[in-house]
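Here the structure is laid out as structure tokens; the discussion comes afterwards.
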Amino acid sequence: MSGGVNGAGSSAIRLDRVWMTYHTREAETVALANTSLEVAPQEFVAVVGPSGCGKSTVLSLVAGLIKPTSGSVEVCGEAVAGPSGHVGYMLQQDCLYEWRTILGNALLGLEVQRAVTRESVETVRRMLTAYGLGEFERHYPRHLSGGMRQRAALIRTLATRPDVLLLDEPLSALDYQTRLEVSEDLYRIMRAERLTALMVTHDISEAIAMSDRVLVMSRRPGRIKSSHRISLTCERQTPIGRREAPEFRTYFNAIWKELTEDGRAVGLVPVVART
Amino acid sequence: MAAQSDWFQSSHEHEAFLRGLARRRMLVGTARAVLLAAFVALWEVAARQGWINAFVVSQPSRALVTAVSMARRGELWLHLGMTVGETAIGFTVGTLIGIVAAVMLWWSDLLSDILDPYIVVLNSIPKVALGPIFIVWLGTTVTAIIAMAISISVIVTIMMVYVGFREVDPDRVKLLRTFGAARLQILSKVVLPASVPVMIAALKVNVGLSMVGTIVGEFLVSRAGLGFLIVYGGQVFNMSLVMSSVILLSIVSVLLYYGVSALERAVLRTRG
């Protein structure tokens, strides 16, 4: 899976002094100001921050959907010039197409990349079976529960064999119980496939429970304020098991404090209005 | 789902509820039939008793005789076929042209910005006012009638379908873009399939609109079709011909509408 990644020293994702400015008729908004971050191969990094801080902008940049105003973005050692097969993107909504079967949905990315072959279809079907959707491959999305739908969406993303996975609040549209269930699935699948992941979330617990490292972003214009390497002592290394670890609270409080401190500085957000 | 309804059917309350529904359906159906029968009967009786002037309003029995004799002579099928054919071509071609134009507008924001006021103007013109223009250009032919039927449905289709395209969930488009999809792939894999319900809704609206275009066209130029029969009947003061044509016209339009509804159900069956 991590075929595109160079030697052990290089990073899977690298943002170097990235600035991102959005223009509308009313104003110019600085979304990212001099943001740098790195994610090592097979590392799972979560980014937390207040809403509107530019978290999703980071993902869009890595996915090649937008270009930075200045600075460089690299994935697997290559400068990002546009969407590429290196990156898989999971959105908040599962975005399954209701006119396609589950198998048809899972094959969407391969179709777009014109990579549907007998082998690739077999691989996708094996994945569906492995993750408990084998008997539903001919069903339409409306027959599936929220958790199953999100799993189908993950398989759709993994089917194109990306080197890095971008997760844009992938659980926030689910109810609490399904959310825990899907986070277990996600975690298990990601570790099994040895994927590099960058996840954006506003849920601190989720970030700590799932990732190796948590980055805290400041209010807009966003930049990385701090980085917390998560090391939890617990028997079961799964998102639910990890929540039981004694250090969990300590991390939570530290990150919570940073986020709320930042909250007081709201007045300082420089949004340049051009009237 | 079957298991669920089995469980429900075992409940007496639910059975009673279903019986209530069935009774109501019967009542509604009966009332509708009685209403129609009463109207026809009253019309017939009123004409026979001389309460109303049968020469001006005709009467059901005469309308029926007219229709039957036309059917015997084979004329009826010619006229029906003409109107149905022109309408069907009108709404099919109108819908297709409308969808193609909507795709072009979706493809180019610049084009859609430029053309926006023209579309608004074209939409607000009463299309039947263009009738004489079509006749001059295309002659007093079936083509002019079909042009009329198309013109009346095409602009509405463009507007409905274009709005539908724009309302496709941006996240679904974003998903495709992350796979590196080209614009044509975005169109074929998400925008068009997601808009199928909108396109069918446009088709449904167009059935009615094209019929208006066809009838107006037939009023103006034709020598065949229900519109022609109505105008001709009016000119020679044969109200039975007018009435039977109007009744046939309403039957035809309802059948066309149900035809499209059946198509809609078939297409949307697999969707959530």
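Chain identifiers are assigned as A, B, and so on, following the order in which chains appear in the structure tokens; residues are numbered from 1 within each chain, and ligands are numbered from 1 in order of appearance.
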Find the residues around B:Ser210 up to 8 Å (only C-alpha atoms counted), leave out those fewer than 3 positions away in its own chain, and share them as a PyMOL selection string. chain B and resi 87-88+90-91+148-150+152-153+206-207+213-214
Writer output for current selection, N, CA and C atoms, as an mmCIF file, in the first residue's frame:
```cif
data_model
loop_
_atom_site.group_PDB
_atom_site.id
_atom_site.type_symbol
_atom_site.label_atom_id
_atom_site.label_comp_id
_atom_site.auth_asym_id
_atom_site.auth_seq_id
_atom_site.Cartn_x
_atom_site.Cartn_y
_atom_site.Cartn_z
ATOM 1 N N THR B 87 -47.341 15.863 -30.469
ATOM 2 C CA THR B 87 -47.056 16.140 -29.058
ATOM 3 C C THR B 87 -45.858 15.334 -28.576
ATOM 4 N N ALA B 88 -45.835 14.040 -28.920
ATOM 5 C CA ALA B 88 -44.753 13.171 -28.446
ATOM 6 C C ALA B 88 -43.412 13.645 -28.987
ATOM 7 N N GLY B 90 -42.790 16.640 -29.954
ATOM 8 C CA GLY B 90 -42.552 17.932 -29.317
ATOM 9 C C GLY B 90 -41.919 17.791 -27.949
ATOM 10 N N PHE B 91 -42.502 16.959 -27.077
ATOM 11 C CA PHE B 91 -41.931 16.934 -25.728
ATOM 12 C C PHE B 91 -40.632 16.147 -25.661
ATOM 13 N N MET B 148 -43.618 24.615 -32.845
ATOM 14 C CA MET B 148 -44.442 25.271 -31.833
ATOM 15 C C MET B 148 -44.391 24.484 -30.509
ATOM 16 N N ALA B 149 -44.584 23.158 -30.628
ATOM 17 C CA ALA B 149 -44.603 22.295 -29.446
ATOM 18 C C ALA B 149 -43.234 22.290 -28.753
ATOM 19 N N ILE B 150 -42.175 22.307 -29.564
ATOM 20 C CA ILE B 150 -40.828 22.294 -28.986
ATOM 21 C C ILE B 150 -40.544 23.625 -28.297
ATOM 22 N N ILE B 152 -42.347 25.701 -26.930
ATOM 23 C CA ILE B 152 -43.066 25.974 -25.689
ATOM 24 C C ILE B 152 -42.462 25.192 -24.523
ATOM 25 N N SER B 153 -41.749 24.084 -24.820
ATOM 26 C CA SER B 153 -41.236 23.268 -23.715
ATOM 27 C C SER B 153 -39.737 23.433 -23.483
ATOM 28 N N ASN B 206 -43.421 18.930 -19.607
ATOM 29 C CA ASN B 206 -43.425 19.147 -21.044
ATOM 30 C C ASN B 206 -44.555 18.433 -21.774
ATOM 31 N N VAL B 207 -45.048 17.334 -21.216
ATOM 32 C CA VAL B 207 -46.178 16.648 -21.848
ATOM 33 C C VAL B 207 -47.331 17.636 -21.998
ATOM 34 N N GLY B 213 -48.774 23.562 -27.279
ATOM 35 C CA GLY B 213 -48.111 23.989 -28.509
ATOM 36 C C GLY B 213 -48.721 23.311 -29.727
ATOM 37 N N THR B 214 -48.959 22.004 -29.611
ATOM 38 C CA THR B 214 -49.512 21.251 -30.734
ATOM 39 C C THR B 214 -50.909 21.758 -31.105
#
```
Could the residues of chain B within 12 Å of chain A, counting only C-alpha atoms, be given as a VMD selection string, please? chain B and resid 1 168 to 197 267 to 272
I'd like the contact shell of B:Gly234 - 12 Å cut-off, only C-alpha atoms, skipping same-chain residues fewer than 2 positions apart - returned as a ChimeraX atom specification. /B:55-58,219,227-232,236-243,245-246
In Å, how far is it from atom CA of B:Val84 to atom CA of B:Leu36?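 Distance between the two atoms: 24.9 Å.
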Enumerate the residues of stretch 21-255 of chain A with a DSSP assignment of helix (DSSP H, G or I), computed from the backbone, and present them as JSON, numbers by chain. {"A": [55, 56, 57, 58, 59, 60, 61, 62, 63, 102, 103, 104, 105, 106, 108, 109, 110, 111, 112, 118, 119, 120, 121, 122, 123, 124, 125, 126, 127, 128, 129, 130, 134, 135, 136, 141, 142, 143, 146, 147, 148, 149, 150, 151, 152, 153, 154, 155, 156, 157, 158, 176, 177, 178, 179, 180, 181, 182, 183, 184, 185, 186, 187, 188, 189, 190, 191, 192, 204, 205, 206, 207, 208, 209, 210, 239, 240, 241, 242, 248, 249, 250, 251, 252, 253, 254, 255]}
I want to know what sits within 10 Å of A:Tyr22, based on only C-alpha atoms, with residues of the same chain fewer than 3 positions away left out; could you give that as a PDB file with C-alpha atoms, in the first residue's frame?
```pdb
ATOM      1  CA  ALA A  27     -13.114  40.295   1.190  1.00  0.00           C
ATOM      2  CA  GLU A  28      -9.823  38.553   1.140  1.00  0.00           C
ATOM      3  CA  THR A  29      -9.504  35.808   3.741  1.00  0.00           C
ATOM      4  CA  VAL A  30      -6.214  34.420   4.915  1.00  0.00           C
ATOM      5  CA  ALA A  31      -6.993  30.765   5.685  1.00  0.00           C
ATOM      6  CA  LEU A  32      -3.469  29.535   6.311  1.00  0.00           C
ATOM      7  CA  PRO A  68      -1.420  27.245  -2.260  1.00  0.00           C
ATOM      8  CA  THR A  69      -0.922  30.987  -2.637  1.00  0.00           C
TER       9      THR A  69
END
```
So, with only C-alpha atoms as the atoms that count, which of A:Ser36, A:Ser227, A:Thr57, A:Gln150 lies closest to A:Glu181?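 Checking each candidate against A:Glu181, we get A:Gln150 as the closest.
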Pick out the residues sitting within 12 Å of A:Met190, and hand them over as a list in words; count only C-alpha atoms, and ignore anything fewer than 6 positions along from it in its own chain.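 Residues meeting the cut-off are Met1, Ser2, Gln42, Glu43, Phe44, Tyr131, Arg151, Leu154, Ile155, Thr157, Leu158, Pro162, Asp163, Val164, Leu165, Leu166, Leu167, Val182, Ser183, Glu184, Thr196, Ala197, Leu198, Met199, Met210, Ser211 and Thr238 of chain A.
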Taking the chain letters and numbering used in this document, name the residues of stretch 122-243 of chain A that DSSP puts in strand (DSSP E), as a list in words.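 Result set for stretch 122-243 of chain A (strand (DSSP E)): Val164, Leu165, Leu166, Leu167, Asp168, Thr196, Ala197, Leu198, Met199, Val200, Thr201, Arg213, Val214, Leu215, Val216, Met217, Ile224, Lys225, Ser226, Ser227, His228 and Arg229 of chain A.
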File dump, residues just selected, N, CA and C atoms, as an mmCIF file, in the first residue's frame:
```
data_model
loop_
_atom_site.group_PDB
_atom_site.id
_atom_site.type_symbol
_atom_site.label_atom_id
_atom_site.label_comp_id
_atom_site.auth_asym_id
_atom_site.auth_seq_id
_atom_site.Cartn_x
_atom_site.Cartn_y
_atom_site.Cartn_z
ATOM 1 N N VAL A 164 -1.626 7.801 0.846
ATOM 2 C CA VAL A 164 -2.045 8.522 2.044
ATOM 3 C C VAL A 164 -3.550 8.728 2.000
ATOM 4 N N LEU A 165 -4.124 8.732 3.197
ATOM 5 C CA LEU A 165 -5.562 8.854 3.318
ATOM 6 C C LEU A 165 -5.873 10.161 4.041
ATOM 7 N N LEU A 166 -6.775 10.936 3.475
ATOM 8 C CA LEU A 166 -7.197 12.174 4.115
ATOM 9 C C LEU A 166 -8.613 11.972 4.633
ATOM 10 N N LEU A 167 -8.822 12.296 5.903
ATOM 11 C CA LEU A 167 -10.132 12.069 6.503
ATOM 12 C C LEU A 167 -10.685 13.407 6.986
ATOM 13 N N ASP A 168 -11.767 13.843 6.376
ATOM 14 C CA ASP A 168 -12.345 15.136 6.725
ATOM 15 C C ASP A 168 -13.555 14.912 7.626
ATOM 16 N N THR A 196 -0.888 5.742 5.690
ATOM 17 C CA THR A 196 -0.578 7.037 6.276
ATOM 18 C C THR A 196 -1.876 7.819 6.271
ATOM 19 N N ALA A 197 -2.173 8.485 7.391
ATOM 20 C CA ALA A 197 -3.448 9.192 7.408
ATOM 21 C C ALA A 197 -3.326 10.556 8.040
ATOM 22 N N LEU A 198 -4.086 11.497 7.489
ATOM 23 C CA LEU A 198 -4.208 12.820 8.063
ATOM 24 C C LEU A 198 -5.696 13.056 8.256
ATOM 25 N N MET A 199 -6.090 13.187 9.520
ATOM 26 C CA MET A 199 -7.512 13.332 9.813
ATOM 27 C C MET A 199 -7.779 14.698 10.432
ATOM 28 N N VAL A 200 -8.829 15.332 9.955
ATOM 29 C CA VAL A 200 -9.251 16.604 10.503
ATOM 30 C C VAL A 200 -10.491 16.362 11.341
ATOM 31 N N THR A 201 -10.537 16.923 12.534
ATOM 32 C CA THR A 201 -11.713 16.721 13.379
ATOM 33 C C THR A 201 -11.823 17.877 14.365
ATOM 34 N N ARG A 213 -0.426 11.121 16.613
ATOM 35 C CA ARG A 213 0.017 12.470 16.912
ATOM 36 C C ARG A 213 -1.157 13.409 16.672
ATOM 37 N N VAL A 214 -1.304 14.392 17.561
ATOM 38 C CA VAL A 214 -2.375 15.370 17.390
ATOM 39 C C VAL A 214 -1.754 16.744 17.181
ATOM 40 N N LEU A 215 -2.153 17.406 16.098
ATOM 41 C CA LEU A 215 -1.690 18.767 15.845
ATOM 42 C C LEU A 215 -2.817 19.716 16.212
ATOM 43 N N VAL A 216 -2.484 20.791 16.921
ATOM 44 C CA VAL A 216 -3.492 21.774 17.294
ATOM 45 C C VAL A 216 -3.321 22.991 16.395
ATOM 46 N N MET A 217 -4.423 23.383 15.776
ATOM 47 C CA MET A 217 -4.358 24.560 14.908
ATOM 48 C C MET A 217 -4.943 25.765 15.609
ATOM 49 N N ILE A 224 -0.035 25.751 12.660
ATOM 50 C CA ILE A 224 0.065 24.683 13.645
ATOM 51 C C ILE A 224 0.641 25.273 14.930
ATOM 52 N N LYS A 225 -0.137 25.190 16.033
ATOM 53 C CA LYS A 225 0.314 25.746 17.311
ATOM 54 C C LYS A 225 1.210 24.782 18.053
ATOM 55 N N SER A 226 0.794 23.502 18.045
ATOM 56 C CA SER A 226 1.574 22.540 18.813
ATOM 57 C C SER A 226 1.317 21.142 18.293
ATOM 58 N N SER A 227 2.192 20.239 18.703
ATOM 59 C CA SER A 227 2.087 18.861 18.265
ATOM 60 C C SER A 227 2.194 17.969 19.500
ATOM 61 N N HIS A 228 1.253 17.045 19.666
ATOM 62 C CA HIS A 228 1.283 16.147 20.827
ATOM 63 C C HIS A 228 1.457 14.713 20.345
ATOM 64 N N ARG A 229 2.574 14.104 20.683
ATOM 65 C CA ARG A 229 2.722 12.686 20.346
ATOM 66 C C ARG A 229 1.923 11.887 21.369
#
```
Find the spatial neighbours of B:Leu138, counting only C-alpha atoms, within a cut-off of 12 Å - ignore same-chain residues fewer than 6 positions away - and output them as an NGL selection string. :B and (131-132 or 144-148 or 217 or 221)
Separation of atom CA of A:Ala207 from atom CA of A:Val47 in Å: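 If I compute the distance from atom CA of A:Val47 to atom CA of A:Ala207, I get 7.4 Å.
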Might you pull out every residue within 12 Å of A:Asp203, with only C-alpha atoms counted and same-chain residues fewer than 5 positions away left off, and present them as a list in words?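 The filter keeps Ala46, Val47, Val48, Gly49, Pro50, Ser51, Asp168, Glu169, Pro170, Leu171, Ser172, Tyr176, Arg179, Ile208, Ala209, Met210, Val214, Val216, Phe252, Ile255, Trp256 and Leu259 of chain A.
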Coordinates-based distance that separates atom CA of B:Ile200 from atom CA of B:Met104 (Å, one decimal): 19.0 Å
